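Q: Contents of entry.tsv (TSV, C-alpha atoms and all ligand atoms) are below:
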chain	number	residue	atom	x	y	z
A	228	MET	CA	9.89	12.78	-16.18
A	229	ASN	CA	6.19	11.98	-16.01
A	230	VAL	CA	4.93	11.71	-12.42
A	231	TYR	CA	3.93	8.05	-12.77
A	232	LYS	CA	7.43	7.20	-14.03
A	233	ARG	CA	8.91	9.04	-11.04
A	234	ILE	CA	6.63	7.11	-8.68
A	235	TYR	CA	7.62	3.85	-10.38
A	236	SER	CA	11.33	4.58	-10.03
A	237	LYS	CA	10.87	5.09	-6.27
A	238	ILE	CA	8.89	1.86	-5.99
A	239	LYS	CA	11.71	0.12	-7.85
A	240	LYS	CA	14.35	1.65	-5.57
A	241	TYR	CA	12.86	0.76	-2.18
A	242	ASP	CA	12.76	-2.81	-0.83
A	243	LYS	CA	10.38	-1.95	1.97
A	244	ILE	CA	7.15	-0.19	1.04
A	245	VAL	CA	4.20	0.74	3.24
A	246	ILE	CA	0.87	1.67	1.68
A	247	ALA	CA	-1.50	3.64	3.90
A	248	ARG	CA	-4.86	5.42	3.48
A	249	HIS	CA	-7.39	7.42	5.47
A	250	VAL	CA	-9.02	6.53	8.79
A	251	GLY	CA	-12.53	5.14	8.44
A	252	ALA	CA	-11.69	2.80	5.60
A	253	ASP	CA	-14.00	2.80	2.58
A	254	PRO	CA	-13.83	0.56	-0.51
A	255	ASP	CA	-11.86	3.02	-2.69
A	256	ALA	CA	-9.22	3.52	0.02
A	257	LEU	CA	-8.97	-0.21	0.78
A	258	CYS	CA	-9.06	-1.39	-2.83
A	259	SER	CA	-6.44	1.11	-3.96
A	260	GLN	CA	-3.99	0.05	-1.25
A	261	ILE	CA	-4.64	-3.68	-1.66
A	262	ALA	CA	-4.40	-3.52	-5.48
A	263	LEU	CA	-1.20	-1.46	-5.41
A	264	ARG	CA	0.38	-3.81	-2.84
A	265	ASP	CA	-0.52	-6.88	-4.88
A	266	SER	CA	0.73	-5.29	-8.09
A	267	ILE	CA	4.09	-4.33	-6.57
A	268	LEU	CA	4.46	-7.84	-5.09
A	269	ASN	CA	3.62	-9.38	-8.45
A	270	THR	CA	6.11	-7.19	-10.25
A	271	PHE	CA	8.87	-7.38	-7.61
A	272	PRO	CA	8.37	-10.63	-5.65
A	273	SER	CA	11.36	-10.04	-3.38
A	274	LYS	CA	10.13	-6.71	-2.00
A	275	LYS	CA	8.33	-6.36	1.33
A	276	VAL	CA	5.09	-4.47	0.80
A	277	TYR	CA	2.50	-3.75	3.48
A	278	ALA	CA	-1.05	-2.41	3.19
A	279	VAL	CA	-1.79	-0.91	6.62
A	280	GLY	CA	-4.48	0.77	8.74
A	281	SER	CA	-7.41	-0.45	10.84
A	282	PRO	CA	-9.45	-3.05	9.01
A	283	ALA	CA	-13.21	-2.67	8.51
A	284	THR	CA	-15.15	-5.87	9.22
A	285	LYS	CA	-17.81	-4.93	6.67
A	286	PHE	CA	-15.21	-4.78	3.88
A	287	ARG	CA	-13.09	-7.79	4.80
A	288	PHE	CA	-14.04	-9.47	1.50
A	289	LEU	CA	-11.98	-6.84	-0.35
A	290	GLY	CA	-8.71	-8.36	0.87
A	291	ASN	CA	-6.34	-8.68	3.79
A	292	LEU	CA	-4.34	-5.94	5.45
A	293	ASP	CA	-0.87	-6.28	6.97
A	294	LYS	CA	0.60	-5.66	10.40
A	295	ILE	CA	3.78	-3.66	10.91
A	296	ASP	CA	6.04	-2.88	13.87
A	297	GLU	CA	8.30	-0.03	14.95
A	298	ASN	CA	11.18	-1.24	12.73
A	299	ILE	CA	9.17	-0.48	9.65
A	300	TYR	CA	10.32	3.11	9.23
A	301	GLU	CA	13.99	2.52	8.49
A	302	ASN	CA	14.83	2.91	4.78
A	303	SER	CA	11.19	2.66	3.88
A	304	LEU	CA	8.99	4.20	1.25
A	305	LEU	CA	5.52	5.37	2.28
A	306	ILE	CA	2.73	5.62	-0.28
A	307	VAL	CA	-0.45	7.27	1.03
A	308	LEU	CA	-3.63	6.83	-0.95
A	309	ASP	CA	-7.00	8.58	-0.98
A	310	VAL	CA	-6.17	10.95	1.89
A	311	PRO	CA	-5.51	14.68	1.42
A	312	ASP	CA	-4.55	15.57	5.01
A	313	LYS	CA	-1.74	14.18	7.10
A	314	LYS	CA	-3.77	13.95	10.30
A	315	ARG	CA	-6.20	11.47	8.70
A	316	VAL	CA	-3.57	8.96	7.59
A	317	ASP	CA	-4.29	5.69	9.41
A	318	GLY	CA	-1.79	3.41	11.14
A	319	VAL	CA	1.61	5.04	10.52
A	320	ASP	CA	3.71	7.98	11.62
A	321	VAL	CA	4.07	9.76	8.28
A	322	ASP	CA	7.13	11.86	9.17
A	323	LYS	CA	9.26	8.85	10.15
A	324	PHE	CA	9.54	7.56	6.60
A	325	GLU	CA	12.56	8.23	4.43
A	326	TYR	CA	10.52	9.01	1.32
A	327	LYS	CA	6.81	9.75	0.88
A	328	ILE	CA	4.44	9.62	-2.09
A	329	LYS	CA	0.80	10.66	-2.17
A	330	ILE	CA	-1.77	9.60	-4.80
A	331	ASP	CA	-5.19	11.14	-4.28
A	332	HIS	CA	-8.33	12.46	-5.95
A	333	HIS	CA	-9.53	14.80	-3.17
A	334	PRO	CA	-9.00	18.55	-3.34
A	335	VAL	CA	-5.62	19.47	-1.81
A	336	VAL	CA	-5.58	20.00	1.97
A	337	ASP	CA	-1.92	19.57	3.08
A	338	THR	CA	1.19	19.02	1.04
A	339	TYR	CA	3.24	16.57	3.09
A	340	CYS	CA	4.89	14.16	0.64
A	341	ASP	CA	7.95	14.29	-1.64
A	342	ILE	CA	5.88	13.38	-4.69
A	343	GLU	CA	2.19	14.25	-4.80
A	344	LYS	CA	0.00	13.02	-7.63
A	345	ILE	CA	-3.29	14.82	-7.07
A	346	ASP	CA	-6.05	14.71	-9.64
A	347	ASP	CA	-9.43	15.82	-8.36
A	348	THR	CA	-11.00	15.13	-11.75
A	349	SER	CA	-10.37	11.42	-11.22
A	350	SER	CA	-13.40	9.38	-10.18
A	351	SER	CA	-11.49	7.54	-7.50
A	352	THR	CA	-8.05	6.69	-6.20
A	353	CYS	CA	-8.45	3.26	-7.78
A	354	GLN	CA	-8.74	4.97	-11.17
A	355	LEU	CA	-5.38	6.67	-10.50
A	356	ILE	CA	-3.81	3.35	-9.50
A	357	LEU	CA	-5.08	1.84	-12.74
A	358	GLU	CA	-3.54	4.74	-14.63
A	359	LEU	CA	-0.26	4.19	-12.74
A	360	LEU	CA	-0.28	0.49	-13.68
A	361	PHE	CA	-0.88	1.25	-17.36
A	362	ALA	CA	1.78	3.98	-17.40
A	363	THR	CA	4.52	1.78	-15.89
A	364	LYS	CA	5.75	-1.80	-15.76
A	365	LEU	CA	3.63	-2.56	-12.70
A	366	LYS	CA	1.63	-5.73	-13.34
A	367	LEU	CA	-2.10	-6.16	-13.62
A	368	ASN	CA	-3.93	-9.47	-13.26
A	369	LEU	CA	-7.52	-10.60	-12.85
A	370	GLY	CA	-7.51	-10.38	-9.04
A	371	ILE	CA	-6.02	-6.88	-9.04
A	372	ALA	CA	-8.50	-5.84	-11.76
A	373	LYS	CA	-11.44	-7.05	-9.70
A	374	THR	CA	-10.22	-5.10	-6.67
A	375	LEU	CA	-9.73	-1.90	-8.67
A	376	TYR	CA	-13.12	-2.31	-10.35
A	377	LEU	CA	-14.84	-2.58	-6.95
A	378	GLY	CA	-13.11	0.59	-5.72
A	379	ILE	CA	-14.10	2.55	-8.84
A	380	VAL	CA	-17.67	1.24	-8.76
A	381	SER	CA	-18.00	2.12	-5.11
A	382	ASP	CA	-16.60	5.67	-5.30
A	383	THR	CA	-18.66	6.52	-8.40
A	384	ASN	CA	-21.77	4.81	-6.99
A	385	ARG	CA	-21.91	2.53	-10.03
A	386	PHE	CA	-20.74	5.22	-12.49
A	387	LEU	CA	-23.50	7.57	-11.35
A	388	TYR	CA	-21.49	10.59	-10.22
A	389	PHE	CA	-20.39	13.49	-12.38
A	390	TYR	CA	-16.69	12.66	-12.06
A	391	THR	CA	-17.28	9.48	-14.03
A	392	THR	CA	-15.65	10.51	-17.32
A	393	SER	CA	-14.63	9.05	-20.67
A	394	LYS	CA	-11.25	8.42	-19.04
A	395	THR	CA	-12.92	6.27	-16.38
A	396	PHE	CA	-14.62	4.15	-19.03
A	397	GLU	CA	-11.51	3.98	-21.21
A	398	LEU	CA	-9.34	2.73	-18.35
A	399	VAL	CA	-11.97	0.27	-17.11
A	400	SER	CA	-12.60	-0.99	-20.64
A	401	LYS	CA	-8.89	-1.54	-21.26
A	402	MET	CA	-8.58	-3.30	-17.90
A	403	MET	CA	-11.49	-5.63	-18.67
A	404	LYS	CA	-10.08	-6.46	-22.11
A	405	GLU	CA	-6.58	-7.16	-20.80
A	406	THR	CA	-7.58	-9.29	-17.82
A	407	GLY	CA	-10.85	-10.90	-18.90
A	408	LEU	CA	-12.69	-9.33	-15.98
A	409	THR	CA	-16.50	-9.56	-16.20
A	410	VAL	CA	-19.16	-8.06	-13.93
A	411	GLU	CA	-20.78	-11.42	-13.27
A	412	GLY	CA	-21.30	-11.76	-9.52
A	413	ILE	CA	-18.99	-8.86	-8.81
A	414	TYR	CA	-21.60	-6.69	-7.10
A	415	ASP	CA	-22.91	-9.35	-4.72
A	416	GLU	CA	-20.55	-8.77	-1.82
A	417	LEU	CA	-20.51	-5.02	-2.24
A	418	TYR	CA	-24.26	-4.46	-2.38
A	419	MET	CA	-25.92	-7.39	-0.59
A	420	ARG	CA	-27.40	-6.28	2.73
A	421	PRO	CA	-29.59	-7.62	5.49
A	422	LEU	CA	-33.31	-6.88	5.72
A	423	LYS	CA	-32.79	-4.96	8.99
A	424	GLU	CA	-30.84	-2.33	7.05
A	425	PHE	CA	-33.70	-1.93	4.60
A	426	LYS	CA	-36.09	-1.51	7.51
A	427	PHE	CA	-33.75	1.05	9.06
A	428	GLN	CA	-33.62	2.92	5.74
A	429	GLY	CA	-37.41	3.07	5.96
A	430	PHE	CA	-37.10	4.59	9.42
A	431	ILE	CA	-34.83	7.34	8.06
A	432	THR	CA	-37.17	8.00	5.12
A	433	ASN	CA	-40.14	8.32	7.44
A	434	ASN	CA	-38.46	10.40	10.11
A	435	MET	CA	-36.08	12.81	8.42
A	436	ILE	CA	-37.09	16.45	8.51
A	437	VAL	CA	-37.29	18.17	5.12
A	438	THR	CA	-37.26	21.97	5.12
A	439	GLU	CA	-38.98	24.10	2.48
A	440	ASN	CA	-35.51	25.00	1.14
A	441	GLY	CA	-34.73	21.38	0.39
A	442	LEU	CA	-32.56	20.37	3.32
A	443	ALA	CA	-33.28	16.95	4.82
A	444	TYR	CA	-31.75	15.97	8.14
A	445	ILE	CA	-32.15	13.44	10.90
A	446	LYS	CA	-30.63	12.95	14.34
A	447	ILE	CA	-30.44	9.25	15.07
A	448	THR	CA	-30.00	8.24	18.70
A	449	ASP	CA	-28.15	5.21	20.01
A	450	GLU	CA	-31.52	3.90	21.18
A	451	THR	CA	-32.86	3.86	17.61
A	452	LEU	CA	-29.68	2.21	16.31
A	453	LYS	CA	-30.12	-0.53	18.94
A	454	GLU	CA	-33.81	-0.91	18.09
A	455	TYR	CA	-32.93	-1.68	14.46
A	456	ASP	CA	-29.78	-3.61	15.42
A	457	VAL	CA	-27.50	-1.47	13.24
A	458	ASP	CA	-24.37	0.47	14.18
A	459	ALA	CA	-23.43	4.16	14.11
A	460	ALA	CA	-21.71	3.77	10.73
A	461	THR	CA	-24.85	2.40	9.02
A	462	PRO	CA	-26.55	5.76	8.29
A	463	GLY	CA	-23.39	7.07	6.60
A	464	ASN	CA	-23.08	3.86	4.59
A	465	MET	CA	-26.59	4.18	3.17
A	466	ILE	CA	-26.69	7.95	2.65
A	467	ASN	CA	-26.02	7.65	-1.09
A	468	ASN	CA	-29.31	5.79	-1.49
A	469	PHE	CA	-31.13	9.07	-0.83
A	470	ASN	CA	-30.02	10.77	-4.02
A	471	TYR	CA	-32.64	11.90	-6.55
A	472	VAL	CA	-35.42	12.72	-4.12
A	473	ASP	CA	-37.21	15.61	-5.82
A	474	GLU	CA	-37.76	17.69	-2.67
A	475	VAL	CA	-34.25	17.15	-1.28
A	476	LEU	CA	-31.17	19.09	-2.40
A	477	VAL	CA	-28.88	18.45	0.55
A	478	TRP	CA	-29.27	15.72	3.14
A	479	VAL	CA	-27.57	15.16	6.48
A	480	PHE	CA	-27.54	12.01	8.60
A	481	MET	CA	-26.31	12.30	12.17
A	482	SER	CA	-25.85	9.27	14.39
A	483	GLU	CA	-24.83	8.88	17.98
A	484	ASP	CA	-21.61	6.87	18.24
A	485	LYS	CA	-21.49	5.73	21.87
A	486	ASN	CA	-18.23	3.81	21.41
A	487	ASN	CA	-16.32	6.88	20.32
A	488	ASN	CA	-18.47	9.43	22.11
A	489	TYR	CA	-19.30	11.69	19.21
A	490	ILE	CA	-22.00	12.34	16.65
A	491	ARG	CA	-21.10	10.98	13.22
A	492	THR	CA	-22.32	13.30	10.51
A	493	SER	CA	-22.54	12.59	6.78
A	494	ILE	CA	-23.66	15.20	4.26
A	495	ARG	CA	-24.60	14.76	0.60
A	496	SER	CA	-25.74	17.20	-2.04
A	497	ARG	CA	-27.02	17.10	-5.58
A	498	GLY	CA	-26.37	20.80	-6.23
A	499	PRO	CA	-25.04	23.14	-3.54
A	500	ILE	CA	-21.33	22.83	-2.77
A	501	ILE	CA	-21.09	21.57	0.80
A	502	ASN	CA	-17.46	20.89	1.72
A	503	GLU	CA	-16.86	24.57	2.47
A	504	VAL	CA	-19.66	24.55	5.09
A	505	ALA	CA	-18.39	21.23	6.49
A	506	SER	CA	-14.97	22.82	6.96
A	507	HIS	CA	-16.55	25.36	9.37
A	508	TYR	CA	-17.17	22.37	11.64
A	509	ASN	CA	-13.75	20.74	11.31
A	510	GLY	CA	-15.02	18.47	8.58
A	511	GLY	CA	-14.46	18.28	4.86
A	512	GLY	CA	-14.50	16.05	1.82
A	513	HIS	CA	-15.73	16.38	-1.73
A	514	ILE	CA	-17.94	19.16	-3.07
A	515	TYR	CA	-21.06	16.96	-3.02
A	516	ALA	CA	-20.03	14.47	-0.31
A	517	SER	CA	-18.70	15.60	3.04
A	518	GLY	CA	-18.73	14.77	6.70
A	519	CYS	CA	-17.87	16.02	10.17
A	520	ARG	CA	-18.21	15.16	13.86
A	521	PHE	CA	-19.97	16.78	16.82
A	522	LYS	CA	-19.83	16.34	20.58
A	523	ASP	CA	-23.63	16.29	20.83
A	524	PHE	CA	-26.72	16.85	18.69
A	525	ASP	CA	-27.19	20.48	19.83
A	526	GLU	CA	-23.80	21.37	18.46
A	527	ALA	CA	-25.03	20.32	14.99
A	528	ASP	CA	-27.71	23.01	14.79
A	529	GLY	CA	-25.28	25.57	13.39
A	530	LEU	CA	-24.44	23.21	10.52
A	531	ILE	CA	-28.11	22.55	9.82
A	532	ASN	CA	-28.89	26.29	9.68
A	533	GLU	CA	-25.93	27.00	7.42
A	534	LEU	CA	-26.85	24.19	5.03
A	535	ASP	CA	-30.48	25.33	4.96
A	536	GLU	CA	-29.35	28.84	4.01
A	537	LEU	CA	-27.11	27.32	1.37
A	538	CYS	CA	-30.07	25.46	-0.14
A	539	LYS	CA	-32.14	28.65	-0.05
A	540	SER	CA	-29.59	30.72	-1.96
A	541	TYR	CA	-28.94	27.86	-4.37
A	542	LYS	CA	-32.65	27.73	-5.22
A	543	LYS	CA	-32.70	31.50	-5.76
A	544	GLU	CA	-29.84	31.30	-8.25
A	545	ASP	CA	-31.65	28.64	-10.24
A	601	MN	MN	-11.85	7.89	-2.81
Starting from the file, lay out its structure as structure tokens.
A:
Amino acid sequence: MNVYKRIYSKIKKYDKIVIARHVGADPDALCSQIALRDSILNTFPSKKVYAVGSPATKFRFLGNLDKIDENIYENSLLIVLDVPDKKRVDGVDVDKFEYKIKIDHHPVVDTYCDIEKIDDTSSSTCQLILELLFATKLKLNLGIAKTLYLGIVSDTNRFLYFYTTSKTFELVSKMMKETGLTVEGIYDELYMRPLKEFKFQGFITNNMIVTENGLAYIKITDETLKEYDVDAATPGNMINNFNYVDEVLVWVFMSEDKNNNYIRTSIRSRGPIINEVASHYNGGGHIYASGCRFKDFDEADGLINELDELCKSYKKED
């Protein structure tokens, strides 16, 4: 049986279903779990379906999450979305569930579920959910379509990234035709931002160090974050805006997170493959988009040197 049919038969079998995703919620993770929950509830109104994990204030407009208690694990199905490794699943104890399904588009890290649908050629987890909906009797409506569209748009950076394929457009096109979804107004909530963030982006532009090999990096202190009235997550949220700078091949934003006592680090690339280097520092992610954490800024120097070398050898190969 096709994997989507197998997933559907498990969804049909279980009356209690929990849908989880990775820590540090982003739109693809949130939209995939919210859309799948709403679709299951639409298709099987008597089931109990929960989308769980810590909410992100910034993305509240994407939809509501659910609360669960300790009784949740009994006879329950867990579906984890957009998260390759067990330790980064947010809000649940994975091993306590009776049956587990994973749907993800990241390269494999751990295998920890009974069914794993992994497709790292997919633009996003939302694209896989859309494929699941079209392959089974799970229902699609305008609200679910809007949610999935936002997840796909966000993970592809408005269809900019290389993993945007004909399949992405085919699925999105079919979804728009079937539900009447249009793009009118759809980007407002996702892309509108306050002037202070634009000013802060100017600070990064003016203060990042760019090496002759094409590595750009910046260490942003808590003091600077306070000065611009932004939080430690802001640099990571705007890092994709720094693509297509001629002199920059790989760029790294580090910000001091005083609440959690670590240095948040986001890395992007438009050529060299970076997730391997990130894994040397307990991080990981996609080949052109990765991240990791440090105790302090000094600890990050090894990463900076390694990425600079990476840029150097990449340029040589060219
Ligand atoms: Mn994703």
Q: As a ChimeraX atom specification, please: every protein or nucleic acid residue near ligand MN 601 (chain A) (cut-off 10 Å, counting only C-alpha atoms and all ligand atoms).
A: /A:248-249,252-259,308-310,331-333,347,349-354,378-379,381-383,512-513
Q: Considering all atoms listed in the file, return as a PyMOL selection string whatever protein or nucleic-acid residues lie within 12 Å of Arg420 in chain A, sequence-local ones (same chain, fewer than 6 positions apart) excluded.
A: chain A and resi 285+414+426-428+457+461+464-465
Q: Rank nothing, just name the residue among A:Ile514, A:Leu365, A:Ile436, A:Leu377 nearest to Val479 in chain A, using all atoms listed in the file.
A: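 The answer is A:Ile436, which sits nearest to Val479 in chain A.
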Q: Measuring between only C-alpha atoms, which one of A:Cys519, A:Leu369, A:Leu289, A:Val477 shows the shortest distance to Pro499 in chain A?
A: A:Val477
Q: Using only C-alpha atoms for the distances, tell me which of A:Tyr418, A:Asn467, A:Tyr241, A:Gly412 is nearest to Leu387 in chain A.
A: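 With only C-alpha atoms as the atom set, the closest residue is A:Asn467.
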Q: Quick one: residues within 12 Å of Tyr508 in chain A, all atoms listed in the file counted, chain neighbours fewer than 6 positions away excluded, as a PyMOL selection string?
A: chain A and resi 492+501-502+517-522+526-531+533-534
Q: Emit the selected residues as a tab-separated table (two decimals), in the frame of the given file, including C-alpha atoms.
A:
chain	number	residue	atom	x	y	z
A	492	THR	CA	-22.32	13.30	10.51
A	501	ILE	CA	-21.09	21.57	0.80
A	502	ASN	CA	-17.46	20.89	1.72
A	517	SER	CA	-18.70	15.60	3.04
A	518	GLY	CA	-18.73	14.77	6.70
A	519	CYS	CA	-17.87	16.02	10.17
A	520	ARG	CA	-18.21	15.16	13.86
A	521	PHE	CA	-19.97	16.78	16.82
A	522	LYS	CA	-19.83	16.34	20.58
A	526	GLU	CA	-23.80	21.37	18.46
A	527	ALA	CA	-25.03	20.32	14.99
A	528	ASP	CA	-27.71	23.01	14.79
A	529	GLY	CA	-25.28	25.57	13.39
A	530	LEU	CA	-24.44	23.21	10.52
A	531	ILE	CA	-28.11	22.55	9.82
A	533	GLU	CA	-25.93	27.00	7.42
A	534	LEU	CA	-26.85	24.19	5.03
Q: Could you tell me how far CA of Lys240 in chain A sits from CA of Phe324 in chain A, in Å to one decimal place?
A: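 If I compute the distance from CA of Phe324 in chain A to CA of Lys240 in chain A, I get 14.4 Å.
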Q: In Å, with one decimal, what is the gap from CA of Val245 in chain A to CA of Val279 in chain A?
A: 7.1 Å
Q: Quick check, in Å to one decimal: how far apart do CA of Ser393 in chain A and CA of Leu359 in chain A lie?
A: 17.1 Å
Q: Adding 5 Å on each side of the box along x, y and z that holds all listed atoms of range 512-524 of chain A, could you give its centre and edge lengths in Å to one decimal, as lines of an AutoDock Vina configuration file?
A:
center_x = -20.6
center_y = 16.8
center_z = 8.9
size_x = 22.2
size_y = 14.7
size_z = 33.9
Q: Name the closest residue to Leu305 in chain A among the candidates A:Leu357, A:Ile238, A:Met402, A:Val335; distances are taken between atoms, counting all atoms listed in the file.
A: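 Comparing A:Leu357, A:Ile238, A:Met402, A:Val335 against Leu305 in chain A, the winner is A:Ile238.
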Q: Identify which of the residues A:Gly290, A:Gly370, A:Gly441, A:Gly511 lies closest to Thr409 in chain A, counting all atoms listed in the file when measuring atom-to-atom distances.
A: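 So, comparing all the options, the nearest one is A:Gly370.
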Q: Nearest residue to Glu358 in chain A out of A:Tyr541, A:Phe396, A:Tyr390, A:Tyr326, using all atoms listed in the file?
A: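 Looking at the shortest contact to Glu358 in chain A, the residue is A:Phe396.
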Q: Just want the 9 Å neighbourhood of Val307 in chain A, counted on only C-alpha atoms, with same-chain residues fewer than 5 positions away dropped. Output as JSON, numbers by chain.
A: {"A": [245, 246, 247, 248, 249, 260, 316, 321, 327, 328, 329, 330, 331, 340]}
Q: Taking (-38.5, 16.2, -5.4) in the file's coordinates as the center, which residues reach within 12 Å of it, counting all atoms listed in the file, put as number ranges by chain?
A: A: 437, 439-443, 469-477, 497
